[in-house]
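Visitor: What follows is run31.cif; its format and atoms are mmCIF, C-alpha atoms and all ligand atoms.
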data_coords
#
loop_
_atom_site.label_atom_id
_atom_site.label_comp_id
_atom_site.auth_asym_id
_atom_site.auth_seq_id
_atom_site.Cartn_x
_atom_site.Cartn_y
_atom_site.Cartn_z
CA MET A 1 62.86 128.37 90.20
CA GLY A 2 65.78 126.18 89.12
CA THR A 3 65.38 122.65 87.88
CA GLN A 4 64.21 120.03 90.37
CA ARG A 5 66.99 118.40 92.37
CA THR A 6 67.50 114.66 92.12
CA VAL A 7 68.96 112.74 95.04
CA TYR A 8 70.00 109.10 94.67
CA ILE A 9 69.77 106.85 97.72
CA ALA A 10 71.30 103.36 97.94
CA GLY A 11 69.18 101.12 100.19
CA ALA A 12 65.44 100.92 100.90
CA GLY A 13 65.86 100.12 104.60
CA ILE A 14 64.57 102.22 107.48
CA ALA A 15 67.11 105.04 106.98
CA GLY A 16 66.82 105.11 103.17
CA LEU A 17 63.02 105.10 103.07
CA THR A 18 62.77 107.75 105.79
CA LEU A 19 65.18 109.98 103.86
CA ALA A 20 63.25 109.42 100.62
CA LEU A 21 60.03 110.54 102.30
CA ALA A 22 61.61 113.52 104.03
CA LEU A 23 63.20 114.70 100.76
CA ALA A 24 60.03 114.16 98.74
CA LYS A 25 58.19 116.50 101.09
CA PHE A 26 60.58 119.25 99.96
CA GLY A 27 59.74 118.49 96.33
CA THR A 28 63.07 116.80 95.67
CA HIS A 29 63.09 114.04 93.06
CA VAL A 30 64.32 110.84 94.72
CA VAL A 31 65.63 107.63 93.16
CA VAL A 32 66.17 104.78 95.63
CA ILE A 33 68.23 101.86 94.37
CA GLU A 34 67.74 98.66 96.36
CA ARG A 35 69.60 95.41 95.97
CA ASN A 36 66.72 93.17 97.04
CA ALA A 37 63.94 92.29 94.61
CA GLU A 38 61.35 93.76 96.97
CA ILE A 39 61.01 95.52 100.30
CA SER A 40 62.15 92.96 102.83
CA GLU A 41 62.75 93.03 106.55
CA PHE A 42 64.00 90.35 108.85
CA GLY A 43 61.07 89.25 110.99
CA ALA A 44 61.79 90.65 114.43
CA GLY A 45 60.85 93.51 116.71
CA LEU A 46 62.02 97.08 116.97
CA GLN A 47 61.74 99.61 119.79
CA ILE A 48 60.89 103.10 118.58
CA SER A 49 61.89 105.65 121.21
CA PRO A 50 60.32 109.15 121.39
CA ASN A 51 63.25 110.85 119.61
CA ALA A 52 62.74 108.64 116.54
CA ARG A 53 58.97 108.84 116.79
CA HIS A 54 59.08 112.64 116.64
CA ALA A 55 60.89 112.47 113.31
CA LEU A 56 58.43 109.88 111.97
CA ASP A 57 55.43 111.86 113.20
CA ALA A 58 56.75 114.89 111.30
CA LEU A 59 56.34 112.78 108.16
CA ALA A 60 52.65 112.28 109.02
CA LEU A 61 53.19 108.62 109.93
CA SER A 62 51.89 108.84 113.50
CA ASP A 63 48.51 107.17 112.89
CA ALA A 64 49.88 104.43 110.67
CA ILE A 65 52.53 103.57 113.27
CA ALA A 66 50.08 103.77 116.18
CA GLU A 67 47.85 101.23 114.40
CA LYS A 68 50.63 98.66 114.31
CA SER A 69 52.64 99.36 117.45
CA PHE A 70 52.32 98.84 121.18
CA GLU A 71 53.34 101.06 124.08
CA PRO A 72 54.77 98.95 126.93
CA GLU A 73 53.90 100.24 130.40
CA GLY A 74 57.49 99.92 131.54
CA ILE A 75 60.67 97.85 131.57
CA ASP A 76 61.09 95.11 134.20
CA ILE A 77 64.72 94.43 135.00
CA TYR A 78 65.66 91.01 136.30
CA PRO A 79 69.27 90.37 137.25
CA ASP A 80 70.29 86.71 137.06
CA GLY A 81 68.02 84.55 139.19
CA HIS A 82 65.80 87.35 140.61
CA GLU A 83 62.22 86.14 140.89
CA ALA A 84 60.74 89.64 141.10
CA PRO A 85 61.99 92.58 139.04
CA LEU A 86 64.80 94.50 140.75
CA GLN A 87 63.43 97.63 139.13
CA THR A 88 60.53 98.59 136.87
CA LEU A 89 61.33 101.58 134.70
CA THR A 90 58.30 103.61 133.71
CA LEU A 91 57.33 104.06 130.06
CA GLY A 92 53.73 104.26 128.75
CA GLU A 93 51.90 107.50 129.51
CA ALA A 94 54.90 108.90 131.42
CA ALA A 95 57.02 108.76 128.23
CA ARG A 96 54.31 110.53 126.24
CA THR A 97 53.96 113.23 128.86
CA ARG A 98 57.68 113.82 129.25
CA TYR A 99 58.68 113.70 125.59
CA GLY A 100 55.49 114.45 123.69
CA ALA A 101 55.78 111.16 121.81
CA PRO A 102 55.35 107.53 122.83
CA TYR A 103 57.94 104.86 123.44
CA ALA A 104 56.59 102.01 121.32
CA VAL A 105 57.54 98.58 120.05
CA MET A 106 56.55 97.12 116.70
CA HIS A 107 57.46 94.50 114.16
CA ARG A 108 60.23 95.74 111.87
CA ALA A 109 58.39 94.61 108.78
CA ASP A 110 55.39 96.71 109.85
CA LEU A 111 57.50 99.86 110.16
CA VAL A 112 59.14 99.25 106.80
CA GLU A 113 55.73 98.66 105.23
CA VAL A 114 54.39 101.90 106.74
CA LEU A 115 57.36 103.76 105.23
CA ALA A 116 57.09 101.99 101.86
CA ALA A 117 53.33 102.63 101.65
CA ALA A 118 53.97 106.33 102.30
CA THR A 119 56.59 106.49 99.53
CA ARG A 120 54.03 105.11 97.06
CA ARG A 121 51.96 108.27 97.52
CA PHE A 122 54.75 110.44 96.11
CA ALA A 123 55.14 110.69 92.34
CA ASN A 124 58.63 112.14 92.92
CA ILE A 125 59.95 108.94 94.58
CA GLU A 126 61.11 106.10 92.35
CA ILE A 127 62.30 102.86 93.95
CA VAL A 128 64.32 100.56 91.70
CA PHE A 129 64.55 96.99 93.01
CA GLY A 130 66.97 94.25 92.11
CA VAL A 131 69.93 96.58 91.60
CA GLU A 132 72.96 94.35 91.17
CA ASP A 133 75.69 96.89 90.91
CA PHE A 134 76.13 100.62 91.22
CA SER A 135 78.87 103.17 90.81
CA VAL A 136 78.90 106.85 91.58
CA ALA A 137 81.28 109.58 90.51
CA ALA A 138 81.40 113.32 91.18
CA LYS A 139 80.51 115.24 88.04
CA ASP A 140 79.42 118.79 87.17
CA LYS A 141 78.95 119.85 90.83
CA GLY A 142 76.81 116.76 91.38
CA VAL A 143 76.94 113.02 90.83
CA GLU A 144 76.78 110.63 87.92
CA VAL A 145 75.26 107.33 88.95
CA ARG A 146 75.34 104.08 87.00
CA PHE A 147 73.58 100.92 88.04
CA THR A 148 72.36 97.64 86.67
CA GLU A 149 68.79 96.60 87.22
CA ALA A 150 67.74 92.96 87.40
CA GLY A 151 67.54 91.65 83.86
CA ARG A 152 70.76 93.53 83.14
CA ILE A 153 69.29 96.84 82.11
CA ASP A 154 72.02 99.43 82.48
CA ARG A 155 70.94 102.81 83.71
CA LYS A 156 72.76 106.09 84.06
CA GLY A 157 71.60 109.29 85.68
CA ALA A 158 72.79 112.63 86.98
CA GLY A 159 71.91 113.99 90.39
CA PHE A 160 72.61 116.59 93.03
CA ALA A 161 73.80 114.07 95.63
CA PHE A 162 74.19 110.37 96.38
CA VAL A 163 73.38 109.01 99.84
CA GLY A 164 74.46 105.53 100.90
CA ALA A 165 71.84 104.14 103.30
CA ASP A 166 73.05 100.68 102.42
CA GLY A 167 73.53 99.28 105.90
CA VAL A 168 76.41 97.97 107.96
CA ARG A 169 78.17 96.44 104.94
CA SER A 170 77.74 99.62 102.91
CA GLU A 171 79.58 99.67 99.60
CA THR A 172 79.08 103.42 99.49
CA ARG A 173 81.25 103.64 102.61
CA THR A 174 83.93 101.14 101.59
CA LYS A 175 84.11 101.75 97.84
CA SER A 176 82.99 105.33 97.21
CA LEU A 177 84.40 106.88 100.39
CA GLY A 178 87.27 104.45 100.98
CA GLY A 179 85.97 103.93 104.53
CA PRO A 180 86.44 100.96 106.86
CA THR A 181 84.82 97.54 106.81
CA PRO A 182 82.67 96.72 109.90
CA ALA A 183 84.37 95.50 113.08
CA TYR A 184 83.08 92.40 114.86
CA SER A 185 81.84 93.44 118.32
CA GLY A 186 82.45 90.16 120.16
CA LYS A 187 78.71 89.70 120.54
CA LEU A 188 76.00 87.68 118.83
CA ALA A 189 72.27 88.36 118.75
CA TRP A 190 69.81 85.48 118.72
CA ARG A 191 66.35 86.47 117.61
CA THR A 192 63.01 84.70 117.54
CA LEU A 193 59.29 85.29 117.91
CA VAL A 194 57.14 83.03 120.07
CA ALA A 195 53.37 82.86 120.50
CA PHE A 196 51.90 85.26 123.06
CA SER A 197 50.31 82.41 125.00
CA ALA A 198 53.68 80.62 125.32
CA LEU A 199 55.12 83.27 127.64
CA SER A 200 52.12 84.86 129.34
CA ASP A 201 52.88 83.03 132.61
CA VAL A 202 56.62 83.81 132.51
CA VAL A 203 56.83 87.61 132.16
CA ASP A 204 54.37 90.51 132.25
CA LEU A 205 53.41 90.99 128.62
CA ASN A 206 52.21 94.56 129.15
CA ARG A 207 55.86 95.42 129.64
CA THR A 208 59.30 94.91 128.23
CA SER A 209 61.51 92.61 130.31
CA VAL A 210 65.29 92.50 130.46
CA LEU A 211 67.00 89.45 131.97
CA MET A 212 70.66 90.04 132.76
CA GLY A 213 73.18 87.27 133.29
CA ALA A 214 76.92 86.68 133.14
CA ARG A 215 78.01 87.26 129.52
CA HIS A 216 74.45 87.42 128.19
CA HIS A 217 71.18 89.29 128.39
CA LEU A 218 67.71 88.74 127.01
CA VAL A 219 65.24 91.43 125.93
CA ILE A 220 61.57 90.43 125.73
CA TYR A 221 58.70 92.55 124.49
CA PRO A 222 55.21 91.93 123.23
CA LEU A 223 54.06 92.42 119.64
CA PRO A 224 50.32 92.01 120.22
CA HIS A 225 49.46 92.97 116.64
CA ARG A 226 51.30 89.84 115.58
CA ASP A 227 50.11 87.75 118.54
CA ALA A 228 53.80 87.28 119.22
CA VAL A 229 56.50 88.01 121.75
CA ASN A 230 59.85 89.26 120.48
CA LEU A 231 62.94 87.67 122.02
CA ALA A 232 66.42 89.09 121.46
CA LEU A 233 69.15 87.21 123.32
CA PHE A 234 72.68 88.60 123.26
CA THR A 235 75.72 86.48 124.02
CA ASP A 236 79.47 87.03 124.06
CA ALA A 237 81.17 84.96 121.35
CA ARG A 238 84.75 84.58 120.14
CA GLU A 239 85.34 85.35 116.50
CA ARG A 240 86.66 81.88 115.82
CA ASP A 241 83.38 80.34 117.05
CA LEU A 242 81.15 82.37 114.73
CA ASP A 243 81.00 79.98 111.78
CA ALA A 244 79.78 77.14 113.98
CA ALA A 245 77.31 79.40 115.79
CA MET A 246 75.76 80.58 112.54
CA LEU A 247 74.72 76.99 111.74
CA ARG A 248 72.82 76.57 115.00
CA ARG A 249 69.17 77.34 115.74
CA THR A 250 69.65 77.53 119.49
CA PRO A 251 72.03 79.72 121.48
CA GLY A 252 73.20 76.78 123.61
CA LEU A 253 73.03 78.95 126.74
CA LYS A 254 72.97 77.18 130.12
CA PRO A 255 70.28 78.91 132.20
CA GLY A 256 71.82 77.76 135.51
CA SER A 257 69.42 78.41 138.37
CA ASP A 258 67.45 81.08 136.49
CA LYS A 259 64.04 79.42 136.15
CA ARG A 260 62.57 82.23 134.06
CA LEU A 261 65.37 82.02 131.52
CA ALA A 262 65.13 78.21 131.50
CA ALA A 263 61.39 78.37 130.74
CA ILE A 264 61.87 80.86 127.92
CA LEU A 265 64.70 78.88 126.31
CA GLU A 266 62.68 75.71 126.57
CA ARG A 267 59.56 77.25 125.01
CA ALA A 268 61.47 78.98 122.20
CA GLY A 269 63.14 75.68 121.28
CA GLU A 270 65.20 75.62 118.10
CA THR A 271 63.65 78.64 116.44
CA TRP A 272 66.46 81.15 116.98
CA THR A 273 68.26 82.97 114.21
CA PRO A 274 71.83 84.05 115.02
CA TRP A 275 72.99 87.50 113.96
CA VAL A 276 76.59 88.71 114.07
CA LEU A 277 76.81 92.16 115.67
CA SER A 278 79.32 94.45 113.98
CA THR A 279 79.95 98.14 114.42
CA VAL A 280 81.14 100.95 112.19
CA LYS A 281 83.15 103.90 113.41
CA THR A 282 84.44 106.39 110.89
CA PRO A 283 84.99 110.13 110.97
CA LEU A 284 84.39 110.25 107.21
CA TRP A 285 80.70 110.49 106.40
CA HIS A 286 81.04 112.12 103.00
CA LYS A 287 83.34 112.97 100.16
CA GLY A 288 82.13 115.73 97.87
CA PRO A 289 78.53 115.00 96.82
CA VAL A 290 78.52 111.41 98.20
CA GLY A 291 77.53 110.77 101.82
CA ILE A 292 76.34 107.99 104.14
CA ILE A 293 73.67 107.73 106.85
CA GLY A 294 72.21 105.09 109.18
CA ASP A 295 74.11 101.86 109.81
CA ALA A 296 76.27 102.62 106.77
CA ALA A 297 77.74 105.54 108.73
CA HIS A 298 77.59 104.35 112.33
CA ALA A 299 76.29 100.80 112.93
CA MET A 300 76.15 100.35 116.69
CA LEU A 301 75.42 97.67 119.25
CA PRO A 302 71.66 97.42 119.84
CA PHE A 303 71.98 97.74 123.64
CA GLN A 304 70.27 101.12 123.84
CA ALA A 305 67.85 100.17 120.99
CA GLN A 306 68.96 103.20 118.98
CA GLY A 307 70.42 101.99 115.66
CA ALA A 308 67.31 102.55 113.58
CA ALA A 309 66.42 105.61 115.65
CA MET A 310 69.72 107.25 114.72
CA GLY A 311 69.13 106.45 111.03
CA ILE A 312 65.67 108.04 111.27
CA GLU A 313 67.11 111.15 112.94
CA ASP A 314 69.86 111.29 110.28
CA ALA A 315 67.23 111.35 107.55
CA ALA A 316 65.24 114.10 109.24
CA VAL A 317 68.34 116.28 109.65
CA LEU A 318 69.84 115.65 106.21
CA ALA A 319 66.71 116.12 104.08
CA PRO A 320 66.23 119.88 104.58
CA LEU A 321 69.96 120.44 104.13
CA LEU A 322 70.04 118.56 100.82
CA ALA A 323 66.89 120.30 99.68
CA SER A 324 68.21 123.80 100.28
CA SER A 325 72.04 123.85 100.36
CA PRO A 326 73.96 125.40 97.49
CA SER A 327 75.93 122.17 97.11
CA ALA A 328 75.72 118.60 98.37
CA GLU A 329 79.16 119.00 99.91
CA HIS A 330 77.84 121.95 101.92
CA ALA A 331 74.84 119.88 103.07
CA PHE A 332 76.96 116.89 104.14
CA THR A 333 79.47 119.08 105.97
CA ARG A 334 76.70 120.71 107.99
CA PHE A 335 75.05 117.31 108.54
CA THR A 336 78.28 115.88 109.96
CA ALA A 337 78.68 118.88 112.27
CA LEU A 338 75.11 118.45 113.54
CA ARG A 339 75.18 114.68 113.96
CA HIS A 340 78.58 113.18 114.67
CA GLU A 341 78.90 114.08 118.33
CA ARG A 342 75.43 112.81 119.20
CA VAL A 343 75.85 109.56 117.31
CA ASP A 344 79.27 108.96 118.93
CA LYS A 345 77.67 109.46 122.35
CA VAL A 346 74.87 106.98 121.60
CA GLN A 347 77.37 104.47 120.22
CA ALA A 348 79.46 104.75 123.40
CA LEU A 349 76.37 104.41 125.61
CA SER A 350 75.33 101.25 123.73
CA GLU A 351 78.77 99.71 124.29
CA ALA A 352 78.75 100.63 127.98
CA ASN A 353 75.32 99.01 128.36
CA GLY A 354 76.73 95.80 126.89
CA ARG A 355 79.43 95.72 129.57
CA ILE A 356 76.92 96.50 132.33
CA PHE A 357 74.29 93.97 131.21
CA HIS A 358 76.85 91.15 130.90
CA MET A 359 78.68 91.71 134.22
CA ARG A 360 79.68 88.83 136.45
CA TRP A 361 79.60 88.54 140.21
CA PRO A 362 80.81 90.42 142.30
CA ALA A 363 80.62 93.45 139.94
CA THR A 364 76.88 92.73 139.68
CA LEU A 365 76.42 93.72 143.34
CA ALA A 366 77.36 97.34 142.70
CA ARG A 367 75.47 97.37 139.40
CA ASN A 368 72.28 96.09 141.01
CA ALA A 369 72.55 98.63 143.82
CA VAL A 370 72.76 101.44 141.25
CA ILE A 371 69.76 100.10 139.33
CA ARG A 372 67.73 99.86 142.53
CA ALA A 373 68.72 103.36 143.64
CA GLN A 374 67.84 105.10 140.38
CA GLY A 375 64.12 104.50 140.90
CA PRO A 376 61.44 103.99 138.26
CA MET A 377 62.06 107.37 136.59
CA GLY A 378 65.86 107.36 136.81
CA HIS A 379 66.32 106.31 133.17
CA PHE A 380 64.36 109.36 132.00
CA ARG A 381 66.51 111.77 133.99
CA ARG A 382 69.64 110.05 132.66
CA LEU A 383 68.41 109.89 129.07
CA ASP A 384 66.53 113.17 128.54
CA TRP A 385 69.31 114.24 126.14
CA LEU A 386 68.57 111.13 124.05
CA TYR A 387 64.79 110.81 124.12
CA GLY A 388 64.04 114.55 124.29
CA TYR A 389 66.04 115.35 121.13
CA ARG A 390 64.16 117.09 118.35
CA THR A 391 65.42 117.09 114.79
CA ARG A 392 65.05 120.62 113.51
CA SER A 393 64.19 121.31 109.90
CA GLU A 394 67.23 123.41 109.32
CA PRO A 395 67.46 125.02 105.91
CA ALA A 396 70.93 125.91 104.67
CA SER A 397 72.10 129.33 105.77
C1 LIG B 1 69.08 92.28 117.36
C2 LIG B 1 68.91 93.73 116.97
C3 LIG B 1 67.96 94.49 117.60
C4 LIG B 1 67.80 95.85 117.26
N1 LIG B 1 66.86 96.58 117.92
C5 LIG B 1 66.72 97.90 117.62
C6 LIG B 1 65.73 98.67 118.29
O1 LIG B 1 64.98 98.17 119.12
N2 LIG B 1 65.63 100.01 117.97
C7 LIG B 1 66.44 100.58 117.02
O2 LIG B 1 66.31 101.81 116.79
N3 LIG B 1 67.39 99.86 116.37
C8 LIG B 1 67.54 98.54 116.64
N4 LIG B 1 68.46 97.80 115.97
C9 LIG B 1 69.30 98.43 114.95
C10 LIG B 1 68.56 98.54 113.63
O3 LIG B 1 68.08 97.29 113.24
C11 LIG B 1 69.49 99.08 112.54
O4 LIG B 1 70.23 100.16 113.04
C12 LIG B 1 68.67 99.56 111.35
O5 LIG B 1 67.88 98.54 110.82
C13 LIG B 1 69.60 100.11 110.27
O6 LIG B 1 68.83 100.63 109.23
P1 LIG B 1 69.51 101.08 107.88
O7 LIG B 1 68.38 101.52 107.01
O8 LIG B 1 70.63 102.01 108.16
O9 LIG B 1 70.20 99.77 107.30
P2 LIG B 1 69.53 98.39 106.82
O10 LIG B 1 68.27 98.12 107.56
O11 LIG B 1 70.61 97.37 106.86
O12 LIG B 1 69.11 98.68 105.31
C14 LIG B 1 70.06 98.73 104.28
C15 LIG B 1 69.36 98.51 102.95
O13 LIG B 1 70.33 98.67 101.91
C16 LIG B 1 70.24 97.61 100.99
N5 LIG B 1 71.56 97.44 100.37
C17 LIG B 1 72.68 96.95 100.94
N6 LIG B 1 73.69 96.95 100.06
C18 LIG B 1 73.20 97.46 98.90
C19 LIG B 1 73.75 97.72 97.62
N7 LIG B 1 75.04 97.44 97.35
N8 LIG B 1 72.97 98.26 96.66
C20 LIG B 1 71.65 98.53 96.91
N9 LIG B 1 71.07 98.30 98.11
C21 LIG B 1 71.83 97.78 99.09
C22 LIG B 1 69.80 96.43 101.84
O14 LIG B 1 69.21 95.41 101.05
C23 LIG B 1 68.80 97.10 102.79
O15 LIG B 1 67.51 97.16 102.25
C24 LIG B 1 68.62 96.43 116.27
C25 LIG B 1 69.57 95.65 115.62
C26 LIG B 1 69.71 94.31 115.95
C27 LIG B 1 70.74 93.48 115.22
#
Could you spell out this file's structure in structure tokens?
Ligand SMILES: Cc1cc2nc3c(=O)[nH]c(=O)nc-3n(C[C@H](O)[C@H](O)[C@H](O)COP(=O)(O)OP(=O)(O)OC[C@H]3O[C@@H](n4cnc5c(N)ncnc54)[C@H](O)[C@@H]3O)c2cc1C
Guide:
Amino acid sequence: MGTQRTVYIAGAGIAGLTLALALAKFGTHVVVIERNAEISEFGAGLQISPNARHALDALALSDAIAEKSFEPEGIDIYPDGHEAPLQTLTLGEAARTRYGAPYAVMHRADLVEVLAAATRRFANIEIVFGVEDFSVAAKDKGVEVRFTEAGRIDRKGAGFAFVGADGVRSETRTKSLGGPTPAYSGKLAWRTLVAFSALSDVVDLNRTSVLMGARHHLVIYPLPHRDAVNLALFTDARERDLDAAMLRRTPGLKPGSDKRLAAILERAGETWTPWVLSTVKTPLWHKGPVGIIGDAAHAMLPFQAQGAAMGIEDAAVLAPLLASSPSAEHAFTRFTALRHERVDKVQALSEANGRIFHMRWPATLARNAVIRAQGPMGHFRRLDWLYGYRTRSEPAS
């Protein structure tokens, strides 16, 4: 047996924590460096599709997630002004049966806490909070990492690899790999949680609902464990209007004749938090022993609810490669070959959804006809490649 490998990870978000856990299971020593002083997650909801759930279940997190998540029966789709859903896509038991894992929704903070609690059971995972600065350089077939902890304690360490899971504004991508800064997508997200009782007469809270309108759409799903309903409203916005929008607590959307939308906007009031949606597209996911995963590598529009899911899949694919490859470079090269095409496809699908959801009349006529024709199981047939994906534990050859 050689000496134990050490892998450094920047970022204790969903991708970073999942990778830490997956690596620890292989006996790898993991050091996670996190900028924040503690584990923190913006208070909003997250959809966990079966492809992501499979990877999480493989880390023995199934029960902990089940305790804090909810499986919607389906997705009701309401084009602008429709009183009844144009289509109800089936989820619930049908998703479990088809994919062997549920399609669930949960609070983001609950998922992050499940991951963080699991990391605390591993002696070979160290999480360093309050990291103000880090640098990484290739050295001796591995990496040399320097960082400053809160209180200005300088630390230095050697490792096998360094993985940037440091989100859309990743410094690992821009500084260590010389990769691009994020591109503004032309879209804003407005997020809030409202009390369950506030919306129980407006939409079916056993399901997810999607309201589509010209240049906007609204996704609604229940978080019963929090006695809350998650609202994510997406609007088109010009770059020059962003600064003003970020100061507002209401999206300022005119609901027109859509009574359902009007009721929701009225009941949510001025509780919204705006969120600029940016994307990252880069062919370069690694340089030598330094690589990136999750939003750092491929931040995407959330219109297929797959950003976190792709980060979770990344972690599940990369961990066995880093644990067993002769070099980190070898592991990252194989990782890129296994992942890039799929991630590109999901990114493109998310963008296409944005165009479809935000269509204006008369294009909506054809869109609505297609939605009606696909039937309640049409999304499964169309998305088997996405939801049916299994991350394989692939050791290096
Ligand atoms: C409105 C909205 C809805 C969404 N809904 C879904 C959904 O339903 N399903 C889904 O799968 N995805 C969804 N997503 C996408 C998902 O939120 C992201 O893809 C996911 O959170 C990215 O995880 P990550 O771990 O890669 O990055 P992050 O969550 O951004 O984590 C990065 C971590 O790195 C840390 N960090 C950053 N810089 C440094 C540094 N220099 N040094 C040390 N640490 C650093 C940060 O503090 C943070 O903890 C949604 C996104 C939005 C905006």
Visitor: Neighbours of ligand LIG 1 (chain B) within 6 Å, counting all atoms listed in the file, as JSON, numbers by chain?
Guide: {"A": [10, 11, 12, 13, 14, 15, 16, 33, 34, 35, 36, 46, 47, 48, 131, 165, 166, 167, 168, 170, 171, 189, 232, 294, 295, 296, 302, 305, 306, 307, 308, 309, 311]}
Visitor: I need the residue nearest Arg390 in chain A from this list: A:Thr119, A:Ala297, A:Val317, A:Pro274. Use only C-alpha atoms for the distance.
Guide: A:Val317
Visitor: Restricting the calculation to all atoms listed in the file: of A:Ala195, A:Val202, A:Leu349, A:Ala94, which residue gets closest to Arg382 in chain A?
Guide: A:Leu349
Visitor: I'd like a table as JSON lines: residues in range 215-327 of chain A with an atom no more than 10 Å from range 50-72 of chain A, each row giving the shortest atom pair and its distance in Å to one decimal, only C-alpha atoms counted, sorted by chain and rising residue number.
Guide:
{"residue": "A:Tyr221", "atom": "CA", "partner": "A:Pro72", "partner_atom": "CA", "distance": 7.9}
{"residue": "A:Pro222", "atom": "CA", "partner": "A:Phe70", "partner_atom": "CA", "distance": 7.8}
{"residue": "A:Leu223", "atom": "CA", "partner": "A:Phe70", "partner_atom": "CA", "distance": 6.8}
{"residue": "A:Pro224", "atom": "CA", "partner": "A:Phe70", "partner_atom": "CA", "distance": 7.2}
{"residue": "A:His225", "atom": "CA", "partner": "A:Lys68", "partner_atom": "CA", "distance": 6.3}
{"residue": "A:Arg226", "atom": "CA", "partner": "A:Lys68", "partner_atom": "CA", "distance": 8.9}
{"residue": "A:Gln306", "atom": "CA", "partner": "A:Ala52", "partner_atom": "CA", "distance": 8.6}
{"residue": "A:Ala308", "atom": "CA", "partner": "A:Ala52", "partner_atom": "CA", "distance": 8.2}
{"residue": "A:Ala309", "atom": "CA", "partner": "A:Ala52", "partner_atom": "CA", "distance": 4.8}
{"residue": "A:Met310", "atom": "CA", "partner": "A:Ala52", "partner_atom": "CA", "distance": 7.3}
{"residue": "A:Gly311", "atom": "CA", "partner": "A:Ala52", "partner_atom": "CA", "distance": 8.7}
{"residue": "A:Ile312", "atom": "CA", "partner": "A:Ala52", "partner_atom": "CA", "distance": 6.1}
{"residue": "A:Glu313", "atom": "CA", "partner": "A:Ala52", "partner_atom": "CA", "distance": 6.2}
{"residue": "A:Asp314", "atom": "CA", "partner": "A:Ala55", "partner_atom": "CA", "distance": 9.5}
{"residue": "A:Ala315", "atom": "CA", "partner": "A:Ala55", "partner_atom": "CA", "distance": 8.6}
{"residue": "A:Ala316", "atom": "CA", "partner": "A:Ala55", "partner_atom": "CA", "distance": 6.2}
{"residue": "A:Val317", "atom": "CA", "partner": "A:Ala55", "partner_atom": "CA", "distance": 9.1}
Visitor: One decimal, Å: what's the distance from CA of Asp236 in chain A over to CA of Thr250 in chain A, could you say?
Guide: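 Computing the Euclidean distance for CA of Asp236 in chain A and CA of Thr250 in chain A yields 14.4 Å.
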Visitor: Please return range 274-285 of chain A, rebuilt to N, CA and C atoms, as a PDB file, in the frame of the given file.
Guide:
ATOM      1  N   PRO A 274      70.666  83.287 114.532  1.00  0.00           N
ATOM      2  CA  PRO A 274      71.830  84.050 115.020  1.00  0.00           C
ATOM      3  C   PRO A 274      72.141  85.233 114.100  1.00  0.00           C
ATOM      4  N   TRP A 275      72.749  86.241 114.664  1.00  0.00           N
ATOM      5  CA  TRP A 275      72.990  87.500 113.960  1.00  0.00           C
ATOM      6  C   TRP A 275      74.312  88.058 114.482  1.00  0.00           C
ATOM      7  N   VAL A 276      75.293  88.183 113.628  1.00  0.00           N
ATOM      8  CA  VAL A 276      76.590  88.710 114.070  1.00  0.00           C
ATOM      9  C   VAL A 276      76.483  90.224 114.261  1.00  0.00           C
ATOM     10  N   LEU A 277      76.907  90.717 115.406  1.00  0.00           N
ATOM     11  CA  LEU A 277      76.810  92.160 115.670  1.00  0.00           C
ATOM     12  C   LEU A 277      78.146  92.841 115.362  1.00  0.00           C
ATOM     13  N   SER A 278      78.122  93.707 114.372  1.00  0.00           N
ATOM     14  CA  SER A 278      79.320  94.450 113.980  1.00  0.00           C
ATOM     15  C   SER A 278      79.049  95.933 114.116  1.00  0.00           C
ATOM     16  N   THR A 279      80.107  96.684 114.268  1.00  0.00           N
ATOM     17  CA  THR A 279      79.950  98.140 114.420  1.00  0.00           C
ATOM     18  C   THR A 279      80.787  98.866 113.369  1.00  0.00           C
ATOM     19  N   VAL A 280      80.419 100.105 113.134  1.00  0.00           N
ATOM     20  CA  VAL A 280      81.140 100.950 112.190  1.00  0.00           C
ATOM     21  C   VAL A 280      81.464 102.263 112.880  1.00  0.00           C
ATOM     22  N   LYS A 281      82.749 102.585 112.872  1.00  0.00           N
ATOM     23  CA  LYS A 281      83.150 103.900 113.410  1.00  0.00           C
ATOM     24  C   LYS A 281      84.043 104.558 112.370  1.00  0.00           C
ATOM     25  N   THR A 282      83.629 105.679 111.872  1.00  0.00           N
ATOM     26  CA  THR A 282      84.440 106.390 110.890  1.00  0.00           C
ATOM     27  C   THR A 282      84.168 107.883 110.992  1.00  0.00           C
ATOM     28  N   PRO A 283      85.225 108.686 110.945  1.00  0.00           N
ATOM     29  CA  PRO A 283      84.990 110.130 110.970  1.00  0.00           C
ATOM     30  C   PRO A 283      84.485 110.638 109.613  1.00  0.00           C
ATOM     31  N   LEU A 284      84.655 109.806 108.579  1.00  0.00           N
ATOM     32  CA  LEU A 284      84.390 110.250 107.210  1.00  0.00           C
ATOM     33  C   LEU A 284      82.981 109.843 106.769  1.00  0.00           C
ATOM     34  N   TRP A 285      82.067 110.790 106.797  1.00  0.00           N
ATOM     35  CA  TRP A 285      80.700 110.490 106.400  1.00  0.00           C
ATOM     36  C   TRP A 285      80.379 111.014 104.996  1.00  0.00           C
TER      37      TRP A 285
END
